[in-house]
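Written out below as structure tokens is the structure these notes cover.
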Amino acid sequence: MLPQKTHTIRELETIANEIRKDIISMLLEAGSGHTAGPLGMADVFTALYFSVLNYDPKKPDWPERDRLVLSNGHICPVLYATLAHAGYFDRSELTTLRKINSRLQGHSSSVDLPGVEVSSGPLGQGISQAVGMALAARLDQSRSEIYCAMSDAEHNEGQTWEAIMFAGKERLYNLTTLIDRNNIQIEGFTEEVMPIEPLKQKYEAFNWMVLDVDGHNIEEVIDACHRAKAIYERPTAIICHTIPGFGVSFMENDPAWHGKPPNQEQAAEALKQLNAFKGRGLNE
Amino acid sequence: MSSLRDGFGEGLLALGEVNPNVVALSADLTESTRAEAFAKKYPARFFQVGVAEQNMMGIAAGLALSGKIPFVCSYAVFSPGRNWDQLRVSVCYQKLHVIVAAHHAGLGIGPDGATHQALEDISMVRALPNLTVLTPADAVEAKKATLASVKLKGPVYIRLTKYEQEPVTKESDPFAIGKATLMKKGTDVTIIACGPMVSAALTAAKHLTAQKISAEVINLSTVKPLDVKTILESVKKTHCLVTAEDHQVLGGMGSAVVEALATTYAAPVTEMVGVKGVFGESGKPDELYKKYGLDADSIVTAVKKVISRKKRL
């Protein structure tokens, strides 16, 4: 089955906002977890699951599906909420996040929840697995595309660069990474903790194509994914410039919201703001 | 004379022919891990990842998630030494059918010295859930272990060495993952050995026979899951045990045996032959085995110790 590609950008923005509201509710219920990253990546995940990816939620193991590998597993609330909206499981299950006997583990687990392509948590491991999938697809002459969502601070890890080097060597045309360039990590701003700039030039030096997009402009994200698919000589990195905590004024751009959930009062305020938020298109 | 790595190389090459899903990865050690013949015959199914073991393990996981059966070929000091976390999360947590061919394990690598002598790998890997840990005794068994590993569904670790020795098993001997082999019957003491130490244990048993001590020798070619039944049958008869491995005694094969006995029967009087909490050094393998107490004489000494302690009970 092909995903629905009939959504207007405004409809997609509405879906992204519903996903953000679910993220807040899930994290409040869980009492622990990461808030800023999931909110910041809701637009990118919406673009992927409601426009770009080829998949069937009723057949999560369909070999010809496109794959989204989530490498920075700590932002899994956005993956779970998106998968629920995409029809993989009922939205009511979202409130089990991080609870005993739940399929929604604190860091996403592929053996527990169909639709989760890889288990991830320790940073840097997703991209290598995405590379392995891209090699397998090439070997099998499959048309499936491999996407990997990863964080900016994940580029502190040596393994990430090992994988980037290898993908460049192998010219993995069927591999596209979407980098959440939100400039924060646990202990502060990325350029203070461990500078990763100039990121674009680094990727280019490793023989990758690099595209820069506004990670909250769903149309731009979709267009970039289509451009990446059209590039046949090498892998593509899409640097998605995002605002961590997007949509909730007191969470935006504050590293303190990297790894904590909202309390009751903060969640109520966040939901109030998100309910009023109509997406970029509607605000124009 | 042959080494475990030669048996592995033959097995991998044979698998290339019969199973199109088998692929191999090497981190710049293709010749010395004996993946070269496979790489030459099946270049499309061989991936040279450069000196990058973490990425290699991760790529293997991704290949397995897409239905391939990858062999991860490197030295044990690097893989799992440098990529244990990738083995833990990307492979074992996801129950993926990845086979780790861990070469150059133990003091048997000799002159390369301490940095390249993996003496801790069994401890590192046997703690991992879902992982099967194989420690073949010779080239013949290494080939059988390699062939058998693709029949499992989950992750497999195969411990290999470069040490050259006469095989202690024959092509016609049965081999099954999870099954220990009784190599020699005896009544006074049980010697459980793995890897190249099986040969040393058989030599020790011969010396002991001359001294009227009847030793039973078990080849523990699977450390996990442990064949508790075969071990118990022997130890219930002899009540005294010597384990022998080219590895640290702390957390290794001997520890696995003693842990299992402590919770299923009772700890027999036990001596553990292995490296005792130190690093190795450069030297010829046999010089190292002698200096670090891993040769047949060391096993004989250990047997005499347990037998004298058994008599005092």
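In the structure tokens, the first chain shown is A, the next is B, and so on; residue numbers restart at 1 for each chain, and ligands run from 1 in the order shown.
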Practice task
Please return, as a PyMOL selection string, all residues of chain A lying within 12 Å of chain B when only C-alpha atoms are considered.
Solution key: chain A and resi 61-67+69+71+73+107-113+116-140+142+144+146+148+157-170
Handout entry: alpha helix (DSSP H) per DSSP on the backbone: members of stretch 46-215 of chain B, as a PyMOL selection string
Key = chain B and resi 53-65+84-85+121-126+139-149+197-210
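The interatomic distance for the pair atom CA of A:Asn253 and atom CA of A:Ile218 works out to 19.7 Å.
Closest approach to A:Val213 among A:Ile100, A:Leu79, A:Ala30, A:Cys240: A:Cys240, based on only C-alpha atoms.
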Practice task
Could you tell me which of A:Asn17, A:Asn101, A:Thr8, A:Thr190 comes closest to A:Phe45 if we count only C-alpha atoms?
Solution key: A:Asn17
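In terms of minimum interatomic distance to A:Lys260, A:Gly245 ranks closest within A:Ile9, A:Asn156, A:Gly245, A:Ile19, counting only C-alpha atoms.
The residues of stretch 113-279 of chain A that DSSP classifies as strand (DSSP E or B), using the backbone of this structure, are Ile146, Tyr147, Cys148, Ala149, Met150, Ser151, Leu175, Thr176, Thr177, Leu178, Ile179, Asp180, Arg181, Ile184, Gln185, Gly188, Phe189, Met209, Val210, Leu211, Asp212, Val213, Asp214, Thr236, Ala237, Ile238, Ile239, Cys240 and His241 of chain A.
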Those residues with N, CA and C atoms, as a PDB file, in the first residue's frame please?
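Result file follows (part_9.pdb):
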ATOM      1  N   ILE A 146      16.295   4.047   2.453  1.00  0.00           N
ATOM      2  CA  ILE A 146      16.603   3.990   3.872  1.00  0.00           C
ATOM      3  C   ILE A 146      16.813   5.422   4.382  1.00  0.00           C
ATOM      4  N   TYR A 147      16.015   5.789   5.375  1.00  0.00           N
ATOM      5  CA  TYR A 147      16.157   7.109   5.994  1.00  0.00           C
ATOM      6  C   TYR A 147      16.629   6.914   7.432  1.00  0.00           C
ATOM      7  N   CYS A 148      17.457   7.821   7.888  1.00  0.00           N
ATOM      8  CA  CYS A 148      17.933   7.725   9.270  1.00  0.00           C
ATOM      9  C   CYS A 148      17.781   9.088   9.927  1.00  0.00           C
ATOM     10  N   ALA A 149      16.967   9.134  10.989  1.00  0.00           N
ATOM     11  CA  ALA A 149      16.831  10.361  11.770  1.00  0.00           C
ATOM     12  C   ALA A 149      17.860  10.328  12.880  1.00  0.00           C
ATOM     13  N   MET A 150      18.646  11.383  12.960  1.00  0.00           N
ATOM     14  CA  MET A 150      19.704  11.401  13.970  1.00  0.00           C
ATOM     15  C   MET A 150      19.839  12.799  14.559  1.00  0.00           C
ATOM     16  N   SER A 151      20.524  12.869  15.690  1.00  0.00           N
ATOM     17  CA  SER A 151      20.658  14.165  16.355  1.00  0.00           C
ATOM     18  C   SER A 151      21.951  14.846  15.930  1.00  0.00           C
ATOM     19  N   LEU A 175      20.519   5.908   0.740  1.00  0.00           N
ATOM     20  CA  LEU A 175      20.565   6.293   2.154  1.00  0.00           C
ATOM     21  C   LEU A 175      20.440   7.813   2.286  1.00  0.00           C
ATOM     22  N   THR A 176      19.515   8.240   3.136  1.00  0.00           N
ATOM     23  CA  THR A 176      19.336   9.665   3.420  1.00  0.00           C
ATOM     24  C   THR A 176      19.245   9.857   4.924  1.00  0.00           C
ATOM     25  N   THR A 177      20.055  10.753   5.455  1.00  0.00           N
ATOM     26  CA  THR A 177      19.922  11.038   6.884  1.00  0.00           C
ATOM     27  C   THR A 177      19.198  12.367   7.053  1.00  0.00           C
ATOM     28  N   LEU A 178      18.422  12.453   8.138  1.00  0.00           N
ATOM     29  CA  LEU A 178      17.765  13.709   8.498  1.00  0.00           C
ATOM     30  C   LEU A 178      18.305  14.097   9.868  1.00  0.00           C
ATOM     31  N   ILE A 179      19.114  15.134   9.872  1.00  0.00           N
ATOM     32  CA  ILE A 179      19.808  15.514  11.100  1.00  0.00           C
ATOM     33  C   ILE A 179      19.028  16.610  11.826  1.00  0.00           C
ATOM     34  N   ASP A 180      18.687  16.331  13.073  1.00  0.00           N
ATOM     35  CA  ASP A 180      17.954  17.310  13.887  1.00  0.00           C
ATOM     36  C   ASP A 180      18.955  18.359  14.399  1.00  0.00           C
ATOM     37  N   ARG A 181      19.121  19.423  13.609  1.00  0.00           N
ATOM     38  CA  ARG A 181      20.099  20.453  14.007  1.00  0.00           C
ATOM     39  C   ARG A 181      19.392  21.460  14.914  1.00  0.00           C
ATOM     40  N   ILE A 184      21.112  21.877  20.658  1.00  0.00           N
ATOM     41  CA  ILE A 184      21.236  21.595  22.103  1.00  0.00           C
ATOM     42  C   ILE A 184      21.583  20.134  22.344  1.00  0.00           C
ATOM     43  N   GLN A 185      22.203  19.877  23.469  1.00  0.00           N
ATOM     44  CA  GLN A 185      22.395  18.518  23.964  1.00  0.00           C
ATOM     45  C   GLN A 185      22.258  18.567  25.477  1.00  0.00           C
ATOM     46  N   GLY A 188      24.057  21.438  27.427  1.00  0.00           N
ATOM     47  CA  GLY A 188      24.052  22.812  26.945  1.00  0.00           C
ATOM     48  C   GLY A 188      23.973  22.900  25.437  1.00  0.00           C
ATOM     49  N   PHE A 189      24.529  23.977  24.895  1.00  0.00           N
ATOM     50  CA  PHE A 189      24.494  24.188  23.447  1.00  0.00           C
ATOM     51  C   PHE A 189      25.613  23.385  22.780  1.00  0.00           C
ATOM     52  N   MET A 209      26.135  14.330  -0.435  1.00  0.00           N
ATOM     53  CA  MET A 209      25.356  15.498  -0.829  1.00  0.00           C
ATOM     54  C   MET A 209      24.709  16.046   0.444  1.00  0.00           C
ATOM     55  N   VAL A 210      24.699  17.355   0.593  1.00  0.00           N
ATOM     56  CA  VAL A 210      24.107  17.945   1.795  1.00  0.00           C
ATOM     57  C   VAL A 210      23.049  18.971   1.407  1.00  0.00           C
ATOM     58  N   LEU A 211      21.889  18.858   2.041  1.00  0.00           N
ATOM     59  CA  LEU A 211      20.820  19.823   1.835  1.00  0.00           C
ATOM     60  C   LEU A 211      20.468  20.445   3.182  1.00  0.00           C
ATOM     61  N   ASP A 212      20.226  21.749   3.183  1.00  0.00           N
ATOM     62  CA  ASP A 212      19.818  22.441   4.407  1.00  0.00           C
ATOM     63  C   ASP A 212      18.346  22.780   4.299  1.00  0.00           C
ATOM     64  N   VAL A 213      17.578  22.460   5.328  1.00  0.00           N
ATOM     65  CA  VAL A 213      16.160  22.840   5.290  1.00  0.00           C
ATOM     66  C   VAL A 213      15.723  23.429   6.627  1.00  0.00           C
ATOM     67  N   ASP A 214      14.652  24.200   6.566  1.00  0.00           N
ATOM     68  CA  ASP A 214      13.956  24.642   7.776  1.00  0.00           C
ATOM     69  C   ASP A 214      13.135  23.437   8.231  1.00  0.00           C
ATOM     70  N   THR A 236      22.774  11.231   0.928  1.00  0.00           N
ATOM     71  CA  THR A 236      22.402  12.618   1.179  1.00  0.00           C
ATOM     72  C   THR A 236      22.137  12.846   2.663  1.00  0.00           C
ATOM     73  N   ALA A 237      22.679  13.943   3.163  1.00  0.00           N
ATOM     74  CA  ALA A 237      22.358  14.378   4.527  1.00  0.00           C
ATOM     75  C   ALA A 237      21.467  15.607   4.414  1.00  0.00           C
ATOM     76  N   ILE A 238      20.297  15.546   5.055  1.00  0.00           N
ATOM     77  CA  ILE A 238      19.427  16.720   5.096  1.00  0.00           C
ATOM     78  C   ILE A 238      19.555  17.319   6.497  1.00  0.00           C
ATOM     79  N   ILE A 239      20.194  18.465   6.563  1.00  0.00           N
ATOM     80  CA  ILE A 239      20.343  19.121   7.867  1.00  0.00           C
ATOM     81  C   ILE A 239      19.055  19.887   8.135  1.00  0.00           C
ATOM     82  N   CYS A 240      18.284  19.412   9.101  1.00  0.00           N
ATOM     83  CA  CYS A 240      16.986  20.007   9.417  1.00  0.00           C
ATOM     84  C   CYS A 240      17.184  20.999  10.570  1.00  0.00           C
ATOM     85  N   HIS A 241      17.137  22.280  10.240  1.00  0.00           N
ATOM     86  CA  HIS A 241      17.298  23.285  11.289  1.00  0.00           C
ATOM     87  C   HIS A 241      15.982  23.386  12.059  1.00  0.00           C
TER      88      HIS A 241
END
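Separating atom CA of A:Tyr232 from atom CA of B:Pro20 is a distance of 26.3 Å.
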For stretch 292-300 of chain B, please output as a PDB file with C-alpha atoms, in the first residue's frame all residues within 10 Å (counting only C-alpha atoms; exclusion window: fewer than 2 positions along the same chain).
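That gives us around-v2.pdb:
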ATOM      1  CA  LEU B 107      47.887 -16.151  24.712  1.00  0.00           C
ATOM      2  CA  ILE B 191      38.893 -31.908  33.384  1.00  0.00           C
ATOM      3  CA  MET B 197      43.405 -26.194  26.037  1.00  0.00           C
ATOM      4  CA  VAL B 198      41.487 -29.351  25.090  1.00  0.00           C
ATOM      5  CA  SER B 199      44.681 -30.626  23.506  1.00  0.00           C
ATOM      6  CA  ALA B 200      46.654 -29.747  26.664  1.00  0.00           C
ATOM      7  CA  ALA B 201      44.020 -31.490  28.805  1.00  0.00           C
ATOM      8  CA  LEU B 202      44.298 -34.691  26.753  1.00  0.00           C
ATOM      9  CA  THR B 203      48.097 -34.601  27.099  1.00  0.00           C
ATOM     10  CA  ALA B 204      47.728 -34.044  30.847  1.00  0.00           C
ATOM     11  CA  ALA B 205      45.311 -36.993  31.064  1.00  0.00           C
ATOM     12  CA  LYS B 206      47.936 -39.242  29.451  1.00  0.00           C
ATOM     13  CA  HIS B 207      50.557 -38.155  32.001  1.00  0.00           C
ATOM     14  CA  LEU B 208      48.030 -38.756  34.786  1.00  0.00           C
ATOM     15  CA  ILE B 213      45.090 -41.167  38.068  1.00  0.00           C
ATOM     16  CA  ALA B 215      40.997 -38.308  34.360  1.00  0.00           C
ATOM     17  CA  VAL B 242      39.740 -28.845  36.936  1.00  0.00           C
ATOM     18  CA  THR B 243      38.804 -26.285  34.301  1.00  0.00           C
ATOM     19  CA  ALA B 244      41.315 -25.154  31.690  1.00  0.00           C
ATOM     20  CA  GLU B 245      41.048 -22.212  29.313  1.00  0.00           C
ATOM     21  CA  ASP B 246      43.268 -19.783  27.415  1.00  0.00           C
ATOM     22  CA  HIS B 247      41.499 -16.850  29.098  1.00  0.00           C
ATOM     23  CA  GLU B 271      40.983 -25.741  40.472  1.00  0.00           C
ATOM     24  CA  MET B 272      40.824 -23.337  37.576  1.00  0.00           C
ATOM     25  CA  VAL B 273      43.633 -23.271  35.040  1.00  0.00           C
ATOM     26  CA  GLY B 274      43.792 -20.009  33.139  1.00  0.00           C
ATOM     27  CA  VAL B 275      45.352 -16.570  33.285  1.00  0.00           C
ATOM     28  CA  LYS B 276      45.206 -15.290  36.855  1.00  0.00           C
ATOM     29  CA  VAL B 278      47.414 -10.377  34.698  1.00  0.00           C
ATOM     30  CA  PHE B 279      48.139  -9.248  31.163  1.00  0.00           C
ATOM     31  CA  GLY B 280      50.191 -11.398  28.826  1.00  0.00           C
ATOM     32  CA  GLU B 281      53.380 -10.432  26.990  1.00  0.00           C
ATOM     33  CA  ASP B 286      54.186 -22.525  24.039  1.00  0.00           C
ATOM     34  CA  GLU B 287      56.586 -20.391  26.087  1.00  0.00           C
ATOM     35  CA  LEU B 288      53.651 -18.258  27.190  1.00  0.00           C
ATOM     36  CA  TYR B 289      51.487 -21.277  28.027  1.00  0.00           C
ATOM     37  CA  LYS B 290      54.285 -22.577  30.239  1.00  0.00           C
ATOM     38  CA  ALA B 302      45.971 -28.719  39.349  1.00  0.00           C
ATOM     39  CA  VAL B 303      44.584 -32.263  39.183  1.00  0.00           C
ATOM     40  CA  LYS B 304      46.928 -33.410  41.939  1.00  0.00           C
ATOM     41  CA  LYS B 305      45.809 -30.473  44.093  1.00  0.00           C
TER      42      LYS B 305
END
Practice task
List the neighbours of B:Ile231 out to 10 Å using only C-alpha atoms; skip same-chain residues closer than 4 positions along the sequence, and give me the result as a ChimeraX atom specification.
Solution key: /B:180-182,190-192,218,220,226-227,235-236,241,257,260-261
Produce a file of the selected residues containing N, CA and C atoms, as an mmCIF file, in the first residue's frame.
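The result, written out as again15.cif:
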data_model
loop_
_atom_site.group_PDB
_atom_site.id
_atom_site.type_symbol
_atom_site.label_atom_id
_atom_site.label_comp_id
_atom_site.auth_asym_id
_atom_site.auth_seq_id
_atom_site.Cartn_x
_atom_site.Cartn_y
_atom_site.Cartn_z
ATOM 1 N N ALA B 180 28.384 -30.594 25.087
ATOM 2 C CA ALA B 180 29.788 -30.833 25.413
ATOM 3 C C ALA B 180 30.161 -32.245 24.970
ATOM 4 N N THR B 181 31.434 -32.437 24.658
ATOM 5 C CA THR B 181 31.873 -33.751 24.181
ATOM 6 C C THR B 181 32.781 -34.420 25.196
ATOM 7 N N LEU B 182 32.465 -35.674 25.475
ATOM 8 C CA LEU B 182 33.329 -36.472 26.335
ATOM 9 C C LEU B 182 34.482 -36.978 25.480
ATOM 10 N N THR B 190 37.446 -34.747 36.874
ATOM 11 C CA THR B 190 36.893 -34.235 35.613
ATOM 12 C C THR B 190 37.724 -33.039 35.160
ATOM 13 N N ILE B 191 38.216 -33.083 33.951
ATOM 14 C CA ILE B 191 38.893 -31.908 33.384
ATOM 15 C C ILE B 191 37.995 -31.353 32.281
ATOM 16 N N ILE B 192 37.569 -30.107 32.458
ATOM 17 C CA ILE B 192 36.756 -29.457 31.425
ATOM 18 C C ILE B 192 37.616 -28.384 30.775
ATOM 19 N N ILE B 218 36.491 -33.409 29.231
ATOM 20 C CA ILE B 218 35.319 -32.906 28.502
ATOM 21 C C ILE B 218 35.726 -31.688 27.675
ATOM 22 N N LEU B 220 34.446 -28.514 26.146
ATOM 23 C CA LEU B 220 33.279 -27.634 26.256
ATOM 24 C C LEU B 220 33.295 -26.651 25.084
ATOM 25 N N LEU B 226 25.133 -23.610 28.374
ATOM 26 C CA LEU B 226 26.032 -24.597 28.972
ATOM 27 C C LEU B 226 25.360 -25.970 29.028
ATOM 28 N N ASP B 227 26.128 -26.996 28.675
ATOM 29 C CA ASP B 227 25.621 -28.372 28.726
ATOM 30 C C ASP B 227 25.764 -28.888 30.162
ATOM 31 N N VAL B 235 30.813 -34.858 37.010
ATOM 32 C CA VAL B 235 31.237 -34.356 38.322
ATOM 33 C C VAL B 235 30.584 -35.139 39.466
ATOM 34 N N LYS B 236 29.369 -35.625 39.251
ATOM 35 C CA LYS B 236 28.716 -36.448 40.288
ATOM 36 C C LYS B 236 29.487 -37.744 40.516
ATOM 37 N N LEU B 241 37.117 -31.344 40.145
ATOM 38 C CA LEU B 241 37.050 -30.682 38.843
ATOM 39 C C LEU B 241 38.237 -29.756 38.601
ATOM 40 N N VAL B 257 31.150 -22.746 34.408
ATOM 41 C CA VAL B 257 30.928 -24.120 34.883
ATOM 42 C C VAL B 257 30.663 -24.123 36.389
ATOM 43 N N ALA B 260 27.279 -22.762 37.375
ATOM 44 C CA ALA B 260 26.195 -23.710 37.079
ATOM 45 C C ALA B 260 26.167 -24.822 38.120
ATOM 46 N N LEU B 261 27.336 -25.310 38.506
ATOM 47 C CA LEU B 261 27.390 -26.390 39.498
ATOM 48 C C LEU B 261 26.900 -25.909 40.858
#
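Atom pair atom CA of A:Glu269 / atom CA of A:Glu13 has a distance of 20.2 Å (rounded to one decimal).
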